[in-house]
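The file my_file_14.txt comes next; it holds compact mmCIF, C-alpha atoms and all ligand atoms.
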# COMPACT_ATOMS: atom_id res chain seq x y z
CA MET A 105 53.61 213.19 -29.80
CA THR A 106 55.17 211.79 -32.95
CA GLN A 107 58.45 213.23 -34.13
CA PRO A 108 58.18 215.91 -36.84
CA ASP A 109 59.18 214.79 -40.32
CA TYR A 110 62.34 216.86 -40.44
CA ALA A 111 63.34 215.69 -43.92
CA THR A 112 60.09 217.02 -45.38
CA LEU A 113 60.28 220.23 -43.39
CA ALA A 114 63.88 220.81 -44.49
CA ALA A 115 62.90 220.23 -48.13
CA GLU A 116 60.13 222.82 -47.76
CA ALA A 117 62.59 225.32 -46.30
CA PHE A 118 65.03 224.71 -49.15
CA ALA A 119 62.23 225.25 -51.67
CA ALA A 120 61.13 228.43 -49.89
CA ARG A 121 64.46 230.14 -50.66
CA ASP A 122 63.14 230.83 -54.17
CA LEU A 123 60.54 233.15 -52.62
CA ALA A 124 63.12 235.46 -51.06
CA TYR A 125 63.06 239.15 -51.90
CA ALA A 126 66.63 240.05 -50.99
CA PRO A 127 67.95 242.62 -53.51
CA TYR A 128 70.11 244.35 -50.88
CA SER A 129 71.90 241.41 -49.27
CA GLN A 130 71.50 238.76 -51.99
CA PHE A 131 71.27 236.43 -48.95
CA HIS A 132 68.33 234.15 -49.75
CA VAL A 133 66.92 232.42 -46.69
CA GLY A 134 64.12 229.85 -46.66
CA ALA A 135 62.01 228.67 -43.76
CA ALA A 136 59.16 226.26 -43.10
CA VAL A 137 56.90 225.95 -40.08
CA LEU A 138 55.10 222.73 -39.11
CA THR A 139 51.93 223.07 -37.04
CA ALA A 140 50.26 220.52 -34.79
CA SER A 141 47.46 220.31 -37.36
CA GLY A 142 50.01 219.01 -39.86
CA ARG A 143 50.14 222.07 -42.06
CA ILE A 144 53.41 223.49 -43.36
CA PHE A 145 53.88 227.21 -43.95
CA ARG A 146 56.77 228.45 -46.05
CA GLY A 147 58.57 231.73 -45.56
CA ALA A 148 61.46 233.63 -47.10
CA ASN A 149 63.20 236.83 -46.13
CA ILE A 150 61.63 240.01 -47.47
CA GLU A 151 63.90 243.05 -47.45
CA ASN A 152 63.23 246.75 -47.76
CA THR A 153 65.30 249.80 -48.54
CA ALA A 154 64.35 250.90 -45.04
CA LEU A 155 66.48 248.07 -43.71
CA GLN A 156 64.77 247.83 -40.35
CA ALA A 157 61.58 246.90 -42.21
CA THR A 158 63.23 243.68 -43.43
CA VAL A 159 61.52 240.53 -42.18
CA CYS A 160 63.50 237.31 -41.78
CA ALA A 161 62.38 234.06 -43.38
CA GLU A 162 61.51 232.32 -40.12
CA ARG A 163 59.33 235.22 -39.00
CA VAL A 164 57.50 235.29 -42.34
CA ALA A 165 56.73 231.57 -42.02
CA LEU A 166 55.75 231.82 -38.38
CA LEU A 167 53.55 234.89 -38.89
CA SER A 168 51.91 233.22 -41.89
CA ALA A 169 50.97 230.29 -39.68
CA TYR A 170 49.58 232.64 -37.06
CA ALA A 171 47.69 234.64 -39.68
CA ALA A 172 46.05 231.38 -40.79
CA GLY A 173 44.85 230.84 -37.23
CA GLU A 174 47.47 228.30 -36.22
CA ARG A 175 48.81 228.56 -32.70
CA ALA A 176 50.44 225.19 -31.95
CA ILE A 177 53.84 225.20 -33.65
CA LEU A 178 55.80 221.95 -33.64
CA ALA A 179 58.91 222.81 -35.63
CA ILE A 180 60.63 225.50 -37.65
CA ALA A 181 63.32 224.82 -40.26
CA VAL A 182 65.59 227.58 -41.56
CA VAL A 183 68.06 227.32 -44.45
CA THR A 184 70.74 229.97 -44.92
CA PRO A 185 73.08 230.29 -47.92
CA THR A 186 76.09 229.58 -45.75
CA ASP A 187 78.65 226.80 -45.59
CA THR A 188 78.07 226.30 -41.90
CA VAL A 189 74.87 226.58 -39.89
CA ALA A 190 73.91 230.21 -39.21
CA SER A 191 72.12 231.64 -36.26
CA PRO A 192 68.76 233.48 -36.11
CA CYS A 193 68.79 237.18 -35.21
CA GLY A 194 67.70 238.49 -31.84
CA VAL A 195 64.30 239.63 -33.09
CA CYS A 196 63.54 236.16 -34.47
CA ARG A 197 64.67 234.56 -31.22
CA GLN A 198 62.26 236.79 -29.29
CA VAL A 199 59.38 236.11 -31.69
CA MET A 200 59.97 232.34 -31.67
CA ALA A 201 60.16 232.34 -27.87
CA GLU A 202 56.72 233.98 -27.62
CA LEU A 203 54.89 232.47 -30.60
CA ALA A 204 56.42 228.99 -30.70
CA PRO A 205 57.60 228.07 -27.20
CA GLY A 206 58.94 224.58 -26.85
CA CYS A 207 59.10 223.91 -30.56
CA SER A 208 62.04 222.37 -32.40
CA VAL A 209 64.20 224.71 -34.47
CA LEU A 210 66.18 223.03 -37.22
CA LEU A 211 68.96 225.22 -38.61
CA LEU A 212 70.49 224.13 -41.91
CA SER A 213 73.42 225.28 -44.02
CA GLN A 214 73.12 225.30 -47.81
CA HIS A 215 74.81 221.90 -47.86
CA GLY A 216 72.36 220.43 -45.38
CA GLU A 217 74.55 220.58 -42.28
CA GLN A 218 72.09 220.61 -39.38
CA ARG A 219 71.69 221.82 -35.84
CA LEU A 220 68.57 221.07 -33.82
CA THR A 221 67.77 223.59 -31.11
CA THR A 222 64.85 225.31 -29.38
CA PRO A 223 63.65 228.90 -28.84
CA GLU A 224 64.55 228.47 -25.16
CA GLU A 225 68.12 227.50 -25.96
CA LEU A 226 68.42 230.37 -28.44
CA LEU A 227 66.98 232.88 -25.97
CA PRO A 228 67.54 231.75 -22.40
CA ARG A 229 65.78 233.31 -19.41
CA THR A 230 62.89 234.60 -21.52
CA GLY A 231 60.54 236.60 -19.35
CA THR A 232 62.96 236.51 -16.41
CA PRO A 233 64.23 239.86 -15.10
N1 LIG B 1 67.98 236.43 -42.47
C1 LIG B 1 66.92 235.56 -42.33
O1 LIG B 1 65.94 235.66 -43.05
N2 LIG B 1 67.00 234.62 -41.36
C2 LIG B 1 68.10 234.38 -40.59
O2 LIG B 1 68.07 233.48 -39.74
C3 LIG B 1 69.32 235.17 -40.79
C4 LIG B 1 69.15 236.40 -41.63
C5 LIG B 1 67.93 237.43 -43.55
C6 LIG B 1 67.68 238.86 -43.13
C7 LIG B 1 68.28 239.63 -44.29
O3 LIG B 1 67.30 239.73 -45.33
C8 LIG B 1 69.39 238.74 -44.78
O4 LIG B 1 69.14 237.45 -44.27
C9 LIG B 1 70.78 239.20 -44.37
O5 LIG B 1 70.88 239.31 -43.01
Output the file's structure as structure tokens, nothing else.
Amino acid sequence: MTQPDYATLAAEAFAARDLAYAPYSQFHVGAAVLTASGRIFRGANIENTALQATVCAERVALLSAYAAGERAILAIAVVTPTDTVASPCGVCRQVMAELAPGCSVLLLSQHGEQRLTTPEELLPRTGTP
């Protein structure tokens, strides 16, 4: 399999930040998902006054890909408005582990600092009692 074009995927995630609806946190996060078919799906965090209804950027992008019928996820890029690379929440780790096993997860700070990881590294022992 050829390597994902991480530069393009990162650029898509940066662009996706403009789509955030984050009036409560003002923390605008962008994400982009690359599928095996070559499509890219953008996502941004969408908050709600019922805070538990908030959906993180990476889940929006991943669920958009699934809703379009995609199942083979190659890579997910996430950009947070932080000076150092931030870490996905537990719910996103669980969702990535089930919906995008084995994919590459590229975490980026607002300055482009990067960390490449996987759902399995973010959520070890998935499915193991
Ligand atoms: N958030 C994301 O969208 N992705 C992450 O990886 C970290 C956190 C969002 C959720 C919430 O809207 C805001 O950032 C503050 O936590």
Calculate how many Å separate atom CA of Gly134 of chain A from atom CA of Thr153 of chain A, rounding to one decimal.
-> 20.1 Å
In Å, with one decimal, what is the gap from atom CA of Val209 of chain A to atom CA of Glu225 of chain A?
-> 9.8 Å
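We find atom CA of Val159 of chain A and atom CA of Gln218 of chain A to be spaced 22.7 Å apart.
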Go through A:Val189, A:Val195, A:Ala181, A:Ile150 and flag the residue nearest Cys207 of chain A, using only C-alpha atoms for the distances.
-> A:Ala181
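Among A:Ser191, A:Asn149, A:Ser213, A:Thr230, the residue with the shortest atom-to-atom distance to Ala126 of chain A, counting all atoms listed in the file, is A:Asn149.
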Give me the residues of chain A that have any atom at most 12 Å from an atom of ligand LIG 1 (chain B); for each, the nearest atom pair and the distance in Å, rounded to one decimal. Use all atoms listed in the file, sort by chain and number, and format it as JSON lines.
{"residue": "A:Ala117", "atom": "CA", "partner": "B:LIG1", "partner_atom": "O1", "distance": 11.3}
{"residue": "A:Ala120", "atom": "CA", "partner": "B:LIG1", "partner_atom": "O1", "distance": 11.1}
{"residue": "A:Arg121", "atom": "CA", "partner": "B:LIG1", "partner_atom": "O1", "distance": 9.5}
{"residue": "A:Leu123", "atom": "CA", "partner": "B:LIG1", "partner_atom": "O1", "distance": 11.3}
{"residue": "A:Ala124", "atom": "CA", "partner": "B:LIG1", "partner_atom": "O3", "distance": 8.3}
{"residue": "A:Tyr125", "atom": "CA", "partner": "B:LIG1", "partner_atom": "O3", "distance": 7.8}
{"residue": "A:Ala126", "atom": "CA", "partner": "B:LIG1", "partner_atom": "O3", "distance": 5.7}
{"residue": "A:Pro127", "atom": "CA", "partner": "B:LIG1", "partner_atom": "O3", "distance": 8.7}
{"residue": "A:Tyr128", "atom": "CA", "partner": "B:LIG1", "partner_atom": "O3", "distance": 7.7}
{"residue": "A:Ser129", "atom": "CA", "partner": "B:LIG1", "partner_atom": "C9", "distance": 5.5}
{"residue": "A:Gln130", "atom": "CA", "partner": "B:LIG1", "partner_atom": "C8", "distance": 7.5}
{"residue": "A:Phe131", "atom": "CA", "partner": "B:LIG1", "partner_atom": "C8", "distance": 5.1}
{"residue": "A:His132", "atom": "CA", "partner": "B:LIG1", "partner_atom": "O4", "distance": 6.4}
{"residue": "A:Val133", "atom": "CA", "partner": "B:LIG1", "partner_atom": "O1", "distance": 5.0}
{"residue": "A:Gly134", "atom": "CA", "partner": "B:LIG1", "partner_atom": "O1", "distance": 7.1}
{"residue": "A:Ala135", "atom": "CA", "partner": "B:LIG1", "partner_atom": "O1", "distance": 8.1}
{"residue": "A:Ala136", "atom": "CA", "partner": "B:LIG1", "partner_atom": "O1", "distance": 11.6}
{"residue": "A:Gly147", "atom": "CA", "partner": "B:LIG1", "partner_atom": "O1", "distance": 8.7}
{"residue": "A:Ala148", "atom": "CA", "partner": "B:LIG1", "partner_atom": "O1", "distance": 6.4}
{"residue": "A:Asn149", "atom": "CA", "partner": "B:LIG1", "partner_atom": "O1", "distance": 4.3}
{"residue": "A:Ile150", "atom": "CA", "partner": "B:LIG1", "partner_atom": "O3", "distance": 6.1}
{"residue": "A:Glu151", "atom": "CA", "partner": "B:LIG1", "partner_atom": "O3", "distance": 5.2}
{"residue": "A:Asn152", "atom": "CA", "partner": "B:LIG1", "partner_atom": "O3", "distance": 8.5}
{"residue": "A:Thr153", "atom": "CA", "partner": "B:LIG1", "partner_atom": "O3", "distance": 10.8}
{"residue": "A:Ala154", "atom": "CA", "partner": "B:LIG1", "partner_atom": "O3", "distance": 11.6}
{"residue": "A:Leu155", "atom": "CA", "partner": "B:LIG1", "partner_atom": "O3", "distance": 8.5}
{"residue": "A:Gln156", "atom": "CA", "partner": "B:LIG1", "partner_atom": "C7", "distance": 9.8}
{"residue": "A:Ala157", "atom": "CA", "partner": "B:LIG1", "partner_atom": "O3", "distance": 9.7}
{"residue": "A:Thr158", "atom": "CA", "partner": "B:LIG1", "partner_atom": "O3", "distance": 6.0}
{"residue": "A:Val159", "atom": "CA", "partner": "B:LIG1", "partner_atom": "C6", "distance": 6.5}
{"residue": "A:Cys160", "atom": "CA", "partner": "B:LIG1", "partner_atom": "O1", "distance": 3.2}
{"residue": "A:Ala161", "atom": "CA", "partner": "B:LIG1", "partner_atom": "O1", "distance": 3.9}
{"residue": "A:Glu162", "atom": "CA", "partner": "B:LIG1", "partner_atom": "N2", "distance": 6.1}
{"residue": "A:Arg163", "atom": "CA", "partner": "B:LIG1", "partner_atom": "O1", "distance": 7.8}
{"residue": "A:Val164", "atom": "CA", "partner": "B:LIG1", "partner_atom": "O1", "distance": 8.5}
{"residue": "A:Ala165", "atom": "CA", "partner": "B:LIG1", "partner_atom": "O1", "distance": 10.1}
{"residue": "A:Leu166", "atom": "CA", "partner": "B:LIG1", "partner_atom": "O1", "distance": 11.8}
{"residue": "A:Ile180", "atom": "CA", "partner": "B:LIG1", "partner_atom": "O2", "distance": 11.1}
{"residue": "A:Ala181", "atom": "CA", "partner": "B:LIG1", "partner_atom": "O2", "distance": 9.9}
{"residue": "A:Val182", "atom": "CA", "partner": "B:LIG1", "partner_atom": "O2", "distance": 6.7}
{"residue": "A:Val183", "atom": "CA", "partner": "B:LIG1", "partner_atom": "O2", "distance": 7.8}
{"residue": "A:Thr184", "atom": "CA", "partner": "B:LIG1", "partner_atom": "C2", "distance": 6.7}
{"residue": "A:Pro185", "atom": "CA", "partner": "B:LIG1", "partner_atom": "O4", "distance": 9.0}
{"residue": "A:Thr186", "atom": "CA", "partner": "B:LIG1", "partner_atom": "C3", "distance": 10.1}
{"residue": "A:Val189", "atom": "CA", "partner": "B:LIG1", "partner_atom": "O2", "distance": 9.7}
{"residue": "A:Ala190", "atom": "CA", "partner": "B:LIG1", "partner_atom": "O2", "distance": 6.7}
{"residue": "A:Ser191", "atom": "CA", "partner": "B:LIG1", "partner_atom": "O2", "distance": 5.6}
{"residue": "A:Pro192", "atom": "CA", "partner": "B:LIG1", "partner_atom": "O2", "distance": 3.7}
{"residue": "A:Cys193", "atom": "CA", "partner": "B:LIG1", "partner_atom": "O2", "distance": 5.9}
{"residue": "A:Gly194", "atom": "CA", "partner": "B:LIG1", "partner_atom": "O2", "distance": 9.4}
{"residue": "A:Val195", "atom": "CA", "partner": "B:LIG1", "partner_atom": "O2", "distance": 9.8}
{"residue": "A:Cys196", "atom": "CA", "partner": "B:LIG1", "partner_atom": "O2", "distance": 7.4}
{"residue": "A:Arg197", "atom": "CA", "partner": "B:LIG1", "partner_atom": "O2", "distance": 9.2}
{"residue": "A:Met200", "atom": "CA", "partner": "B:LIG1", "partner_atom": "O2", "distance": 11.5}
{"residue": "A:Val209", "atom": "CA", "partner": "B:LIG1", "partner_atom": "O2", "distance": 10.9}
{"residue": "A:Leu210", "atom": "CA", "partner": "B:LIG1", "partner_atom": "O2", "distance": 10.9}
{"residue": "A:Leu211", "atom": "CA", "partner": "B:LIG1", "partner_atom": "O2", "distance": 8.4}
{"residue": "A:Leu212", "atom": "CA", "partner": "B:LIG1", "partner_atom": "O2", "distance": 9.9}
{"residue": "A:Ser213", "atom": "CA", "partner": "B:LIG1", "partner_atom": "O2", "distance": 10.7}
{"residue": "A:Leu226", "atom": "CA", "partner": "B:LIG1", "partner_atom": "O2", "distance": 11.7}
May I have the protein, DNA and RNA residues with any atom at most 10 Å from the point (52.0, 231.3, -32.9), counting only C-alpha atoms, written as a PDB file with C-alpha atoms, keeping the file's coordinate frame?
ATOM      1  CA  THR A 139      51.930 223.070 -37.040  1.00  0.00           C
ATOM      2  CA  LEU A 166      55.750 231.820 -38.380  1.00  0.00           C
ATOM      3  CA  LEU A 167      53.550 234.890 -38.890  1.00  0.00           C
ATOM      4  CA  SER A 168      51.910 233.220 -41.890  1.00  0.00           C
ATOM      5  CA  ALA A 169      50.970 230.290 -39.680  1.00  0.00           C
ATOM      6  CA  TYR A 170      49.580 232.640 -37.060  1.00  0.00           C
ATOM      7  CA  ALA A 171      47.690 234.640 -39.680  1.00  0.00           C
ATOM      8  CA  ALA A 172      46.050 231.380 -40.790  1.00  0.00           C
ATOM      9  CA  GLY A 173      44.850 230.840 -37.230  1.00  0.00           C
ATOM     10  CA  GLU A 174      47.470 228.300 -36.220  1.00  0.00           C
ATOM     11  CA  ARG A 175      48.810 228.560 -32.700  1.00  0.00           C
ATOM     12  CA  ALA A 176      50.440 225.190 -31.950  1.00  0.00           C
ATOM     13  CA  ILE A 177      53.840 225.200 -33.650  1.00  0.00           C
ATOM     14  CA  VAL A 199      59.380 236.110 -31.690  1.00  0.00           C
ATOM     15  CA  MET A 200      59.970 232.340 -31.670  1.00  0.00           C
ATOM     16  CA  ALA A 201      60.160 232.340 -27.870  1.00  0.00           C
ATOM     17  CA  GLU A 202      56.720 233.980 -27.620  1.00  0.00           C
ATOM     18  CA  LEU A 203      54.890 232.470 -30.600  1.00  0.00           C
ATOM     19  CA  ALA A 204      56.420 228.990 -30.700  1.00  0.00           C
ATOM     20  CA  PRO A 205      57.600 228.070 -27.200  1.00  0.00           C
TER      21      PRO A 205
END
Shell of 9 Å around Asp187 of chain A, only C-alpha atoms, local chain residues under 4 positions omitted, as a PyMOL selection string | chain A and resi 213-217
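Considering the residues A:Gln107, A:Leu178, A:Ala115, A:Glu224 and counting only C-alpha atoms, Ser141 of chain A has its shortest atom-to-atom contact with A:Leu178.
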Provide an axis-aligned box for all listed atoms of segment 181-189 of chain A, padding each side by 4 Å; report its centre and its edge lengths in Å to one decimal, as AutoDock Vina command-line options.
--center_x 71.0 --center_y 227.6 --center_z -43.9 --size_x 23.3 --size_y 13.5 --size_z 16.0
For segment 184-201 of chain A, supply N, CA, C and O atoms and format the output as an mmCIF file, in the frame of the given file.
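This went into selection-v2.cif:
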data_model
loop_
_atom_site.group_PDB
_atom_site.id
_atom_site.type_symbol
_atom_site.label_atom_id
_atom_site.label_comp_id
_atom_site.auth_asym_id
_atom_site.auth_seq_id
_atom_site.Cartn_x
_atom_site.Cartn_y
_atom_site.Cartn_z
ATOM 1 N N THR A 184 69.991 228.769 -44.528
ATOM 2 C CA THR A 184 70.740 229.970 -44.920
ATOM 3 C C THR A 184 71.765 229.599 -46.002
ATOM 4 O O THR A 184 72.228 228.463 -46.060
ATOM 5 N N PRO A 185 72.121 230.565 -46.846
ATOM 6 C CA PRO A 185 73.080 230.290 -47.920
ATOM 7 C C PRO A 185 74.514 230.359 -47.408
ATOM 8 O O PRO A 185 75.344 231.146 -47.890
ATOM 9 N N THR A 186 74.788 229.563 -46.416
ATOM 10 C CA THR A 186 76.090 229.580 -45.750
ATOM 11 C C THR A 186 76.684 228.175 -45.734
ATOM 12 O O THR A 186 75.949 227.186 -45.809
ATOM 13 N N ASP A 187 77.995 228.107 -45.594
ATOM 14 C CA ASP A 187 78.650 226.800 -45.590
ATOM 15 C C ASP A 187 78.538 226.088 -44.250
ATOM 16 O O ASP A 187 78.675 224.872 -44.177
ATOM 17 N N THR A 188 78.320 226.885 -43.208
ATOM 18 C CA THR A 188 78.070 226.300 -41.900
ATOM 19 C C THR A 188 76.726 226.831 -41.403
ATOM 20 O O THR A 188 76.211 227.818 -41.931
ATOM 21 N N VAL A 189 76.172 226.178 -40.408
ATOM 22 C CA VAL A 189 74.870 226.580 -39.890
ATOM 23 C C VAL A 189 74.938 227.997 -39.336
ATOM 24 O O VAL A 189 75.863 228.331 -38.598
ATOM 25 N N ALA A 190 73.952 228.832 -39.704
ATOM 26 C CA ALA A 190 73.910 230.210 -39.210
ATOM 27 C C ALA A 190 72.914 230.311 -38.065
ATOM 28 O O ALA A 190 72.189 229.360 -37.749
ATOM 29 N N SER A 191 72.883 231.479 -37.488
ATOM 30 C CA SER A 191 72.120 231.640 -36.260
ATOM 31 C C SER A 191 71.050 232.714 -36.428
ATOM 32 O O SER A 191 71.321 233.768 -36.992
ATOM 33 N N PRO A 192 69.840 232.485 -35.962
ATOM 34 C CA PRO A 192 68.760 233.480 -36.110
ATOM 35 C C PRO A 192 69.086 234.771 -35.361
ATOM 36 O O PRO A 192 69.789 234.758 -34.346
ATOM 37 N N CYS A 193 68.551 235.881 -35.848
ATOM 38 C CA CYS A 193 68.790 237.180 -35.210
ATOM 39 C C CYS A 193 68.022 237.285 -33.906
ATOM 40 O O CYS A 193 67.137 236.466 -33.597
ATOM 41 N N GLY A 194 68.326 238.314 -33.150
ATOM 42 C CA GLY A 194 67.700 238.490 -31.840
ATOM 43 C C GLY A 194 66.195 238.689 -31.922
ATOM 44 O O GLY A 194 65.447 238.188 -31.072
ATOM 45 N N VAL A 195 65.743 239.414 -32.952
ATOM 46 C CA VAL A 195 64.300 239.630 -33.090
ATOM 47 C C VAL A 195 63.599 238.297 -33.335
ATOM 48 O O VAL A 195 62.562 238.007 -32.724
ATOM 49 N N CYS A 196 64.156 237.470 -34.197
ATOM 50 C CA CYS A 196 63.540 236.160 -34.470
ATOM 51 C C CYS A 196 63.544 235.287 -33.222
ATOM 52 O O CYS A 196 62.584 234.555 -32.958
ATOM 53 N N ARG A 197 64.618 235.350 -32.458
ATOM 54 C CA ARG A 197 64.670 234.560 -31.220
ATOM 55 C C ARG A 197 63.530 234.974 -30.282
ATOM 56 O O ARG A 197 62.857 234.136 -29.689
ATOM 57 N N GLN A 198 63.316 236.285 -30.168
ATOM 58 C CA GLN A 198 62.260 236.790 -29.290
ATOM 59 C C GLN A 198 60.884 236.357 -29.800
ATOM 60 O O GLN A 198 60.020 235.923 -29.031
ATOM 61 N N VAL A 199 60.688 236.463 -31.113
ATOM 62 C CA VAL A 199 59.380 236.110 -31.690
ATOM 63 C C VAL A 199 59.131 234.605 -31.565
ATOM 64 O O VAL A 199 58.028 234.180 -31.202
ATOM 65 N N MET A 200 60.147 233.793 -31.816
ATOM 66 C CA MET A 200 59.970 232.340 -31.670
ATOM 67 C C MET A 200 59.688 231.971 -30.215
ATOM 68 O O MET A 200 58.860 231.105 -29.943
ATOM 69 N N ALA A 201 60.359 232.654 -29.282
ATOM 70 C CA ALA A 201 60.160 232.340 -27.870
ATOM 71 C C ALA A 201 58.710 232.609 -27.458
ATOM 72 O O ALA A 201 58.135 231.863 -26.656
#
